[in-house]
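Below is one structure, written out as structure tokens; comments come after it.
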Amino acid sequence: MELSRRTFHALAGTAALGFALTGSGSPTSANPSRPAPTGPPPPVPSADGRPHEIGFDHHSLIVDGRRLVLWSGEMHPFRLPSPSLWRDVLEKMRAHGYNAVSAYVAWNHHSPAPGRYDFTGVRDLDLFLRTAAETGMYVILRPGPYINAEVDAGGFPGWLTATEGRARTSDPTYLRYVDEWLTAVNAIVAKRLFTRGTGTVLLYQIENEYDAHVDEPSGRAYMSYLYEKVRADGIDVPLFHNDKGRNGHWAPGSFGTGGEKGRWLYGFDGYPEPDEVPPDWGSFGTGGRKGGATASPKTPGFVPESGGGWFDPWGGSWFDGKGYAEARRTRDAAYERRFYLTNLANGITLHNVYMTYGGTSWGWLPAPAVYTSYDYGAAFDEARNATPKLAPMHQIGQLLRFVPDLARLNRGKSVRAADERIKVYHLANPDTGARFYVLRNDTGEAVSSPLPDAGIDVPVTVPARDAKLIAANLRLGRRTLVHSTVQPMVSLTAGRQDIAVFAGRRGEMAQVVLECADEPTPMRLDAEPAWSWNLGKLNITAPLGAGGLSRVRVEGDGVDTPMLVLFADDATALRLWPHETPSGPLLVYGPALLRSAELRGSTVHLTGDTTGATGLEVWGPRGITHVTWNGRPVPSRISASGSLLALRPLPGVTRPALPALDGWRRRSGNPEAEPDFDDSDWTTADKETTFSTTPVPDGQPVLFADDYGFHYGDVWYRGEWTGEDGIESLSLAYSTGTQGLLMAWLDGEPLGTHRMPVPGKDRARQGTWTAKAAFDLPEELRKKFRAERPETGRRRHVLSVLVRRMQHDMDGEALGTHKAARGLTAVTFAGGSPEVKWRIQGAATPDPVRGPMNNGGLHGEREGWHLPEYDDKDWKDAQLPRADRRQGVTWYRTDFRLDVAPGVDASVGLVLDDDPGRAYRVQIFLNGWNMGQYINDVGPQHTFVLPNGILRTRGANTLALAVLSDGTTPSGPRDVRLALLGAAAGGVPVTAV
Ligand code: IPT
């Protein structure tokens, strides 16, 4: 994570390297003018019990001797705390053309304490890996030990902050803990390696964006230590690192040991700004000063993180989070086409989009920089809905799968468009002679231009700030495409015909020219397309999008198999689902999602989702005469285009009604503020030394929460002394992450709330946010203070302090800043110098099911007020809205029932809203799970996704809200309601978490 990405712009160069067409190293040397027939798509990976070989050359990965272009999307299982839904996201990715999922594994999510590692329940990594294998997805696994990903301490467990030694170096104490983690995680991964046929883990990353000690022996020793450790644990797939930008860091050979030779890939990340000209990063490009893929000429172009959205910071101040609709707007479908097609044009054949499903940083997972939602503006939203950003991902993904020519491209001779506002990249496959042109328009208006150099004399249109890939001399089934003015998407043979799909923007006029020696007898199956035949070429034109799919059948041209040419605009292409089966591929058109297809006898059984009533059409292998949808027979007939066509539409979804939330009960929740509160079982805070990077202030005990084993959420302090009753003011120095705060009470009287100011844009200060909360004792309080307990003759005083410490710094620079103190750091008094005895209290023992990051140390959390089984019958009834003016914690609970019909996948959120001037925040617990933090006067997040599995969609749910009010304004909650964020007929079976 880095807030300023100026460096990236500086590295963006343009290259116009005219690579010659070479056939060197080609296994089959072919005549470029006569394309070799393209083979079937690469096999769908699974745990097939067979050993596999994973190799590579500078073009691509080579798996079992076949080239593989990796079209991957990032999702984090730890950001979706409902394992059943992992399958939902993976099936959706797979259907939309992704063949791989990349996932960080967060050390802190699995380790509540040194030596303790938990891979059960929502932390079941093995289940995630098995599910990926079952859904036909390769896995790129990234277990750190350091990850970042905008998670607390960059993924380091909280307890590591209280250990000796410098993290992210070859420090022996640190490496001992790293060993523990890697041993635990690798024991699971080693069982799911693709090389062994017991899973689909294809690649494995060590560390992340490690650029701090690159040129130092300890940095190199650290990286080679990780490398050797992972190998020793039996991980035999290629390993790699994700270089922070294109520096050439950790290219092969850079450890100095040579051990990694031949089994190590170089990868770098890139998060271009939407307004920049897409940079040439690949092996064809210049890649900037030292790098891009040029830094490693013998390995394939690999971008382990290509920005697919961006994270959003808290609202207010200069951070100014705007919500994820904005990220999705600025990094939209055209952004993806423009940047990712440029990547492909630069020879990048391992491509992972960060994020593809962002999910939720629930509990205390988010790093200081971000709030609960990690939607990221990704192609799938946090509520698991497909967004229009999937259009390019889907079209490019299917193209890479069904047109293997793209796996081995060289740069072709330079080609210019007649209108030079269109930049052209010319790529050619030396084996098949297929040519591809990536056309990019970086201007603000649509440009139409012929490409005479490429023999295309009709205008090809590229909309403003957009791109497209067109093809020439490409074998499609049994015919050859001379060229097209729109992007090919699918080429397959289903039953008795070859099918080719072309896709583009709505309203675009598509031209597809096929070689056709004999005059064919094309058949127009829809009204729009037209054609002409001349000099051995068939020229088909069709406007895209008018009325959905447009179909033309080509036959009678001397080729024994007819060809069906299909034209789709983006929305239509998103309803086209090619799918491989053991008896050959099929193509399904209509539903919102196709999850599976199975052929049994003469019936094809399909499962998937519909969101509205839709037609259903299936082109499949010969002999298929019947179709079922989600287990129900669908009456159908054979259409003129050779498909099985449903006679009636498939039904859509009935959107479930959601109940209003009422029947609230309320209880105040800060008894710790009372002088008589019994804190005898709290931990005494009297340490004198710490491993924190924050120095212990002179004359103070160590007050840092982590040193007492409290690593997440709120922490309470109680300082007690006798006498010294002339105190006039006190100052509380404290340290938190963004949006931290402190509340103090003296002898039960509120002193006030202090909120951690957001520092300026100076990054150097961001790891160690510190502030001093100064409180004067008002005259009234001073009087009371002096007068208290005169009967004992000894005046006992208690200072109670609640710190919402937020999170640890991410330590991106490897300076150990995840160890910066959190909590109180120093307390000083004016008007007296009491000898204070401090006690501290934080989260109770970690929740064995919900994990170490679910809870902090609020009284209600320690007493289980957030849990569904807690009995709240003696709480007061409460009506919302509330407008209490009180400093402290108040809990609200209610129950609600849902009755979502079986077979309906409803995605439900909780919405909170109020007058933005009201200074309060809410920790949201659903059935005991900490689903995030709402800050009413900061924002921008108002909607919190409640994942099914934690949410009982058929049954009773308990919602508990822990409201922290500053006391400076009236405090809500005001509006608290459920909202339907998505609904589909279909979905996956969901097991209660
Ligand atoms: C890149 C990190 O590798 C990744 O973990 C995440 O933090 C991402 O940024 C931003 O969401 S770092 C890159 C922006 C320099």
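Ordered as shown in the structure tokens, chains take letters A, B, and onward, while each chain numbers its residues from 1 and ligands are numbered from 1 in the order shown.
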
Cut-off 7 Å, only C-alpha atoms and all ligand atoms, neighbours of ligand 1 as a ChimeraX atom specification: /A:1-2,147-150,208-209,244-245,269-271,305,310-311

Residues near stretch 863-869 of chain A, cut-off 9 Å, only C-alpha atoms, skip fewer than 6 positions along chain, as a PyMOL selection string: chain A and resi 891+893+895+924-930+957-962

Print the selection's residues with N, CA and C atoms to a file, as an mmCIF file, in the first residue's frame.
data_model
loop_
_atom_site.group_PDB
_atom_site.id
_atom_site.type_symbol
_atom_site.label_atom_id
_atom_site.label_comp_id
_atom_site.auth_asym_id
_atom_site.auth_seq_id
_atom_site.Cartn_x
_atom_site.Cartn_y
_atom_site.Cartn_z
ATOM 1 N N TRP A 891 -24.880 -0.398 24.595
ATOM 2 C CA TRP A 891 -25.157 -1.541 23.721
ATOM 3 C C TRP A 891 -26.634 -1.613 23.376
ATOM 4 N N ARG A 893 -29.406 -4.347 21.390
ATOM 5 C CA ARG A 893 -29.573 -5.681 20.801
ATOM 6 C C ARG A 893 -30.980 -5.842 20.256
ATOM 7 N N ASP A 895 -33.379 -9.043 17.838
ATOM 8 C CA ASP A 895 -33.405 -10.293 17.065
ATOM 9 C C ASP A 895 -34.272 -10.067 15.833
ATOM 10 N N ILE A 924 -20.433 -3.447 14.975
ATOM 11 C CA ILE A 924 -21.601 -4.235 14.581
ATOM 12 C C ILE A 924 -21.339 -5.720 14.800
ATOM 13 N N PHE A 925 -22.156 -6.357 15.590
ATOM 14 C CA PHE A 925 -22.011 -7.804 15.805
ATOM 15 C C PHE A 925 -23.254 -8.521 15.290
ATOM 16 N N LEU A 926 -23.061 -9.426 14.358
ATOM 17 C CA LEU A 926 -24.152 -10.260 13.868
ATOM 18 C C LEU A 926 -23.897 -11.682 14.365
ATOM 19 N N ASN A 927 -24.810 -12.179 15.137
ATOM 20 C CA ASN A 927 -24.655 -13.523 15.709
ATOM 21 C C ASN A 927 -23.265 -13.720 16.328
ATOM 22 N N GLY A 928 -22.805 -12.667 16.931
ATOM 23 C CA GLY A 928 -21.523 -12.722 17.643
ATOM 24 C C GLY A 928 -20.327 -12.354 16.791
ATOM 25 N N TRP A 929 -20.522 -12.255 15.474
ATOM 26 C CA TRP A 929 -19.409 -11.946 14.556
ATOM 27 C C TRP A 929 -19.291 -10.433 14.402
ATOM 28 N N ASN A 930 -18.104 -9.959 14.532
ATOM 29 C CA ASN A 930 -17.818 -8.529 14.426
ATOM 30 C C ASN A 930 -17.752 -8.155 12.943
ATOM 31 N N ASN A 957 -31.759 -14.431 13.909
ATOM 32 C CA ASN A 957 -30.466 -13.747 13.969
ATOM 33 C C ASN A 957 -30.466 -12.748 15.118
ATOM 34 N N THR A 958 -29.292 -12.543 15.672
ATOM 35 C CA THR A 958 -29.147 -11.535 16.722
ATOM 36 C C THR A 958 -28.160 -10.476 16.271
ATOM 37 N N LEU A 959 -28.601 -9.253 16.403
ATOM 38 C CA LEU A 959 -27.752 -8.124 16.062
ATOM 39 C C LEU A 959 -27.428 -7.395 17.356
ATOM 40 N N ALA A 960 -26.154 -7.110 17.581
ATOM 41 C CA ALA A 960 -25.759 -6.336 18.759
ATOM 42 C C ALA A 960 -24.906 -5.173 18.283
ATOM 43 N N LEU A 961 -25.222 -3.993 18.739
ATOM 44 C CA LEU A 961 -24.472 -2.796 18.345
ATOM 45 C C LEU A 961 -23.817 -2.205 19.587
ATOM 46 N N ALA A 962 -22.522 -2.060 19.532
ATOM 47 C CA ALA A 962 -21.810 -1.400 20.630
ATOM 48 C C ALA A 962 -21.545 0.032 20.185
#

Of the listed residues A:Arg755, A:Lys772, A:Arg850, A:His797, that which approaches A:Glu724 most closely, counting only C-alpha atoms: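 Looking only at the distances to A:Glu724, the closest residue turns out to be A:His797.
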
Spatial neighbours of stretch 806-811 of chain A, 9 Å, only C-alpha atoms, chain gap at least 4 places, as a PyMOL selection string: chain A and resi 1+148+150-156+158+161+364-369+711-714+736-741+766-768+815-822

Selected residue of minimal separation from A:Leu406 among A:Val938, A:Phe436, A:Asp419, A:Tyr870, counting only C-alpha atoms: A:Phe436

Residue among A:Asn99, A:Thr694, A:Thr890, A:Asn343 lying closest to A:Pro278, counting only C-alpha atoms: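 Closest residue, counting only C-alpha atoms: A:Asn343.
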
Surrounding residues of A:Leu981 excluding itself and chain neighbours under 6 positions, 7 Å, only C-alpha atoms, as an NGL selection string: :A and (383 or 907-909)

Keeping only C-alpha atoms, take the residues you just selected and write them out as a PDB file, in the first residue's frame.
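Once everything was written out, this is out.pdb:
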ATOM      1  CA  ALA A 383     -22.053  -8.525  -1.900  1.00  0.00           C
ATOM      2  CA  SER A 907     -27.213 -10.966  -0.283  1.00  0.00           C
ATOM      3  CA  VAL A 908     -28.151  -8.816   2.681  1.00  0.00           C
ATOM      4  CA  GLY A 909     -26.549  -5.750   4.176  1.00  0.00           C
TER       5      GLY A 909
END

Long-range neighbours of A:Gly823 as a list in words, 9 Å cut-off, only C-alpha atoms, 5 positions minimum in chain: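 My reading of the contact set: Leu703, Phe704, Ala705, Asp706, Asp714, Val715, Trp716, Ala733, Tyr734, Ser735, Thr736, Leu742, Leu802, Val803, Arg804 and Arg805 of chain A.
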
Test item, strand (DSSP E or B) assignment across stretch 312-440 of chain A, answer as a PyMOL selection string: chain A and resi 348-357+360+366+373+380+386+410-411+422-428+435-440

Atom pair atom CA of A:Leu574 / atom CA of A:Gly949: separation (Å): 27.9 Å

A:Ala613, A:Ala167, A:Val911, A:Leu80 ranked by distance to A:Asp375, top pick (using only C-alpha atoms):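 Closest residue, counting only C-alpha atoms: A:Leu80.
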
Computed interatomic separation between atom CA of A:Thr299 and atom CA of A:Asp57 (Å):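 Pair atom CA of A:Thr299 / atom CA of A:Asp57 returns 5.7 Å.
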